[in-house]
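Data block for structure-v3.txt (compact mmCIF, C-alpha atoms):
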# COMPACT_ATOMS: atom_id res chain seq x y z
CA MET M 313 157.56 110.18 81.38
CA ASP M 314 160.22 111.93 79.31
CA ALA M 315 159.95 115.71 79.80
CA ALA M 316 159.98 116.43 76.06
CA VAL M 317 157.24 113.89 75.45
CA GLY M 318 155.27 115.35 78.33
CA ARG M 319 155.41 118.80 76.73
CA ALA M 320 154.34 117.32 73.41
CA VAL M 321 151.41 115.39 74.88
CA ALA M 322 150.17 118.47 76.74
CA TYR M 323 150.47 120.52 73.54
CA ILE M 324 148.54 117.93 71.52
CA ARG M 325 145.76 117.71 74.09
CA GLU M 326 145.47 121.51 74.29
CA ARG M 327 145.78 122.32 70.58
CA PHE M 328 144.34 119.26 68.81
CA SER M 329 141.81 121.43 66.95
CA ASP M 330 144.64 123.38 65.27
CA PRO M 331 146.25 122.25 61.97
CA LEU M 332 149.23 120.71 63.79
CA THR M 333 152.13 118.97 62.07
CA VAL M 334 154.78 116.70 63.57
CA THR M 335 157.26 119.54 63.04
CA ASP M 336 155.04 121.87 65.11
CA ILE M 337 154.82 119.34 67.94
CA ALA M 338 158.56 118.57 67.83
CA ARG M 339 159.34 122.28 68.03
CA LYS M 340 157.19 122.51 71.17
CA ALA M 341 159.11 119.55 72.61
CA LEU M 342 162.40 121.35 71.77
CA LEU M 343 163.64 118.41 69.68
CA SER M 344 164.39 117.68 66.04
CA SER M 345 161.49 116.04 64.19
CA PHE M 346 163.33 112.76 63.59
CA TYR M 347 164.58 112.33 67.15
CA PHE M 348 161.28 113.50 68.61
CA SER M 349 159.24 110.97 66.61
CA ARG M 350 161.45 108.12 67.84
CA VAL M 351 161.36 109.17 71.50
CA PHE M 352 157.61 109.83 71.37
CA LYS M 353 156.85 106.35 70.01
CA GLU M 354 159.11 104.73 72.59
CA GLU M 355 157.17 106.50 75.38
CA THR M 356 153.60 106.17 74.08
CA GLY M 357 153.69 103.19 71.72
CA VAL M 358 152.40 105.23 68.78
CA SER M 359 153.67 107.95 66.46
CA PRO M 360 152.90 111.63 67.21
CA GLY M 361 150.52 111.74 64.25
CA ARG M 362 148.64 108.66 65.43
CA PHE M 363 148.40 110.07 68.96
CA LEU M 364 147.00 113.34 67.60
CA ALA M 365 144.44 111.46 65.50
CA ALA M 366 143.37 109.40 68.53
CA VAL M 367 142.91 112.54 70.66
CA ARG M 368 140.78 114.10 67.91
CA ILE M 369 138.55 111.03 67.51
CA HIS M 370 138.21 110.68 71.28
CA GLU M 371 137.05 114.29 71.59
CA ALA M 372 134.69 113.77 68.63
CA LYS M 373 133.11 110.81 70.44
CA ARG M 374 132.52 113.03 73.48
CA LEU M 375 130.95 115.80 71.42
CA ILE M 376 128.75 113.40 69.44
CA GLY M 377 127.45 111.79 72.62
CA SER M 378 127.01 114.90 74.76
CA THR M 379 126.12 117.82 72.45
CA SER M 380 123.65 118.71 69.71
CA MET M 381 126.40 119.89 67.35
CA THR M 382 126.10 118.59 63.81
CA ILE M 383 128.64 116.05 62.57
CA ALA M 384 130.07 118.71 60.23
CA GLU M 385 130.50 121.14 63.15
CA ILE M 386 132.20 118.46 65.22
CA SER M 387 134.51 117.59 62.34
CA GLY M 388 135.78 121.16 62.22
CA ALA M 389 135.92 121.49 66.01
CA VAL M 390 138.35 118.58 66.34
CA GLY M 391 140.72 119.75 63.62
CA TYR M 392 139.51 118.17 60.38
CA THR M 393 139.19 120.32 57.26
CA SER M 394 137.28 117.65 55.34
CA LEU M 395 134.06 116.01 56.53
CA SER M 396 134.73 112.92 54.43
CA SER M 397 138.22 112.54 55.92
CA PHE M 398 136.79 112.86 59.43
CA THR M 399 134.05 110.33 58.71
CA ASN M 400 136.53 107.82 57.31
CA SER M 401 138.93 108.22 60.25
CA PHE M 402 136.14 108.00 62.82
CA THR M 403 134.62 104.90 61.25
CA ALA M 404 137.98 103.15 60.95
CA SER M 405 138.81 103.83 64.62
CA VAL M 406 135.43 103.32 66.28
CA GLY M 407 133.81 100.77 63.98
CA LEU M 408 130.72 102.94 63.47
CA SER M 409 130.14 106.04 61.38
CA PRO M 410 129.63 109.26 63.38
CA GLY M 411 125.87 109.13 62.68
CA ARG M 412 125.55 105.50 63.78
CA PHE M 413 127.62 106.25 66.89
CA ARG M 414 125.24 109.08 67.81
CA ARG M 415 122.28 106.70 67.46
CA LEU M 416 124.08 104.20 69.70
CA CYS M 417 124.65 106.92 72.33
CA ARG M 418 120.96 107.79 72.21
CA ASP M 419 119.93 104.12 72.47
CA GLU M 420 118.09 104.24 69.16
CA GLY M 421 118.50 100.55 68.40
CA GLU M 422 122.01 100.79 66.98
CA GLY M 423 124.28 97.86 67.82
CA VAL M 424 127.99 97.52 68.43
CA PRO M 425 129.73 96.22 65.27
CA GLY M 426 130.90 92.64 65.10
CA PRO M 427 134.03 91.29 63.41
CA GLN M 428 134.31 91.74 59.67
CA PRO M 429 134.47 88.62 57.49
CA GLY M 430 137.76 87.89 55.81
CA PRO M 431 140.37 85.23 55.15
CA ARG M 432 140.58 82.50 57.78
CA PRO M 433 144.11 82.67 59.21
CA ARG M 434 145.68 80.10 61.49
CA HIS M 435 144.93 80.77 65.16
CA GLY M 436 146.48 80.47 68.59
CA SER M 437 145.58 81.75 72.05
CA VAL M 438 146.87 84.25 74.60
CA ALA M 439 146.31 83.45 78.29
CA GLY M 440 147.51 84.54 81.70
CA THR M 441 146.44 86.59 84.68
CA VAL M 442 145.20 90.16 84.99
CA ARG M 443 145.71 92.16 88.19
CA LEU M 444 144.55 95.56 89.42
CA PRO M 445 146.86 98.06 91.15
CA GLN M 446 146.72 98.26 94.94
CA GLY M 447 144.33 100.73 96.50
CA HIS M 448 141.49 100.26 93.99
CA GLY M 449 138.20 98.38 94.17
CA ASN M 450 136.87 95.68 91.89
CA ALA M 451 136.80 96.27 88.13
CA ARG M 452 135.40 94.73 84.98
CA VAL M 453 138.38 94.59 82.62
CA TYR M 454 138.24 94.58 78.83
CA LEU M 455 141.23 92.90 77.19
CA GLY M 456 141.93 92.71 73.50
CA ALA M 457 144.56 91.98 70.88
CA PHE M 458 145.00 94.90 68.49
CA ALA M 459 147.00 95.71 65.39
CA THR M 460 148.18 99.00 66.93
CA ALA M 461 148.97 100.23 70.45
CA VAL M 462 145.61 102.03 70.55
CA VAL M 463 142.42 100.44 71.89
CA GLN M 464 140.38 100.87 68.74
CA TYR M 465 138.22 98.92 66.30
CA PRO M 466 138.73 96.16 65.49
CA ALA M 467 140.15 93.88 68.16
CA VAL M 468 141.18 90.59 66.57
CA ALA M 469 140.17 88.87 69.82
CA SER M 470 138.79 90.17 73.11
CA ALA M 471 137.41 89.16 76.50
CA VAL M 472 135.78 90.78 79.53
CA VAL M 473 137.00 89.63 82.97
CA ASP M 474 135.73 90.60 86.42
CA VAL M 475 138.80 91.20 88.59
CA PRO M 476 138.60 91.58 92.39
CA SER M 477 140.73 94.16 94.14
CA ASP M 478 142.80 91.71 96.18
CA ARG M 479 143.89 89.00 93.74
CA PRO M 480 144.48 88.38 90.03
CA SER M 481 142.00 86.70 87.70
CA CYS M 482 142.70 84.41 84.77
CA TYR M 483 141.88 85.38 81.19
CA CYS M 484 142.12 83.67 77.82
CA LEU M 485 141.88 85.22 74.37
CA GLN M 486 140.94 82.46 71.97
CA ASN M 487 141.15 82.33 68.17
CA VAL M 488 143.88 84.97 67.95
CA PRO M 489 145.28 85.03 64.40
CA GLU M 490 148.91 84.01 64.05
CA GLY M 491 151.22 87.02 64.15
CA SER M 492 152.25 89.90 66.43
CA TRP M 493 149.57 91.82 68.30
CA HIS M 494 149.36 94.52 70.95
CA LEU M 495 147.76 93.10 74.10
CA LEU M 496 145.87 95.97 75.77
CA ALA M 497 143.44 96.24 78.68
CA VAL M 498 141.16 99.00 80.01
CA ALA M 499 138.87 99.24 83.02
CA VAL M 500 137.21 101.62 85.45
CA ALA M 501 137.91 100.53 89.03
CA ALA M 502 135.42 101.07 91.82
CA GLY M 503 136.38 103.10 94.87
CA THR M 504 137.26 101.48 98.20
CA GLY M 505 135.26 103.70 100.59
CA HIS M 506 131.67 103.49 101.81
CA ASP M 507 130.42 104.46 98.35
CA PRO M 508 132.37 102.49 95.70
CA GLN M 509 130.82 104.60 92.93
CA ALA M 510 131.98 107.90 94.43
CA VAL M 511 135.61 107.60 93.36
CA ARG M 512 136.21 105.62 90.17
CA THR M 513 139.57 105.40 88.42
CA ALA M 514 140.31 104.75 84.75
CA LEU M 515 142.91 102.00 84.42
CA VAL M 516 145.00 100.81 81.48
CA GLY M 517 147.46 98.00 81.02
CA GLY M 518 148.91 95.37 78.78
CA ARG M 519 151.76 95.21 76.35
CA GLY M 520 151.52 97.92 73.75
CA THR M 521 155.25 97.64 73.06
CA PRO M 522 156.66 95.10 72.43
CA ALA M 523 153.83 93.20 70.84
CA VAL M 524 152.82 89.66 71.78
CA THR M 525 153.71 87.00 69.21
CA VAL M 526 151.04 84.36 68.63
CA THR M 527 151.83 80.98 67.06
CA ALA M 528 149.13 78.86 65.45
CA GLY M 529 148.03 75.97 67.65
CA ALA M 530 149.91 77.26 70.71
CA VAL M 531 149.12 79.29 73.83
CA THR M 532 151.16 82.43 74.44
CA SER M 533 151.48 83.36 78.11
CA ALA M 534 151.24 87.03 79.10
CA ALA M 535 150.46 88.60 82.47
CA VAL M 536 148.59 91.91 82.48
CA ARG M 537 148.93 94.44 85.29
CA LEU M 538 146.72 97.52 85.14
CA ARG M 539 147.67 100.99 86.37
CA PRO M 540 145.98 104.40 86.50
CA ALA M 541 145.76 106.04 83.08
CA GLN M 542 148.31 108.79 82.39
CA PRO M 543 148.21 111.72 79.92
CA ALA M 544 150.73 109.94 77.65
CA ASP M 545 148.43 106.94 77.21
CA PRO M 546 146.63 107.07 73.84
CA PRO M 547 142.88 107.62 74.26
CA VAL M 548 140.56 104.62 74.21
CA LEU M 549 138.58 104.70 70.97

What does the file become when written as C-alpha cells?
Amino acid sequence: MDAAVGRAVAYIRERFSDPLTVTDIARKALLSSFYFSRVFKEETGVSPGRFLAAVRIHEAKRLIGSTSMTIAEISGAVGYTSLSSFTNSFTASVGLSPGRFRRLCRDEGEGVPGPQPGPRPRHGSVAGTVRLPQGHGNARVYLGAFATAVVQYPAVASAVVDVPSDRPSCYCLQNVPEGSWHLLAVAVAAGTGHDPQAVRTALVGGRGTPAVTVTAGAVTSAAVRLRPAQPADPPVL
C-alpha cells in the first residue's frame, strides 16, 4: 500500500467522528488534495469521501447492533451533524433504516431487503472460479456485482458459494444487467487447527477496479481470488 494512502486510511479510521474534509485528509497524507484524491482512489477503488462515509456507516452498524445508544446519539458519534442525513446515508448503504437494522440485529422479525422494482434492462451473466488463499480453512463466500467498489446495498446480482480450502469452486451470477459492474467477494475463513472456529479470518476479493463489463445474452468470465482484508479495503456495509 502506498505510504501516503496508508497514513490517510489510518487517519480516517482514527478520526472518522470528526468533521473531516478531503483537504484535512490530504494534509495528513502530505499531498495536494487533487493528487491525493487520485492516488487514494487508485489504491482503494473509492474516493476519500466515499471511504470516510463507509467507515462511518460501518461503525454505526456496530454501535446499533451492540449498544443501547439511541439512533440520534449514534449519528453524532460517527460524525454526522444531521440525523436525517445519517438516516438517508445509512439506508442507502445498508438497505434498511437504522431502526429496522436494530430490529434485525435483535431478531425481532425484520427481514433482509430484496431487490427494488425498476426498469427491466437486458441481462447477461458473470461466471468463473473463486479460490481462497493458502493457509486458511473452508469458507462460505458471498459474491456480488455492485455499482461501486464497496460491498453495499444493493447488489445487482449475488450468489453464495461454499469454497473448500484446497481447491477453487465455480460460481455464476445470473441476470446481471448489461453494463459495467464491480465484482466483489467477502468471506470469513475457518481456521486450520484442531478448533476451526478458534481462528477465523476476514477475506475479501474480486475486481473493484477495473469493473467487469457485462454484455446482454453473453457470459463474462472472471476468476476471483480472495485474500485477507487490509486496512485500505473499504468496510463491508

Expected residue set, 10 Å radius at (144.7, 105.8, 77.5), only C-alpha atoms, as a PyMOL selection string
chain M and resi 356+366-367+461-463+497-498+514-517+540-549

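Using only C-alpha atoms, the smallest distance between any of M:Gly518, M:Gly503, M:Gly361, M:Gly411 and M:Lys373 comes from M:Gly411.
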
Hey, what's within 10 Å of stretch 436-447 of chain M if we count only C-alpha atoms and toss same-chain stuff fewer than 6 positions away? As a PyMOL selection string, please?
chain M and resi 453+455-457+469+473-491+495+497+499+501+503-504+515-518+524-540

Select all residues near (123.3, 114.0, 75.5) (cut-off 12 Å, inclusive, file coordinates), counting all atoms listed in the file, and output them as a PyMOL selection string.
chain M and resi 373-381+414-419

Calculated over only C-alpha atoms, which of the candidates M:Thr513, M:Pro331, M:Phe363, M:Val317 has the smallest distance to M:His448?
M:Thr513

For M:Gly357, the closest of M:Ala459, M:Val468, M:Arg512, M:Glu385 counting all atoms listed in the file is M:Ala459
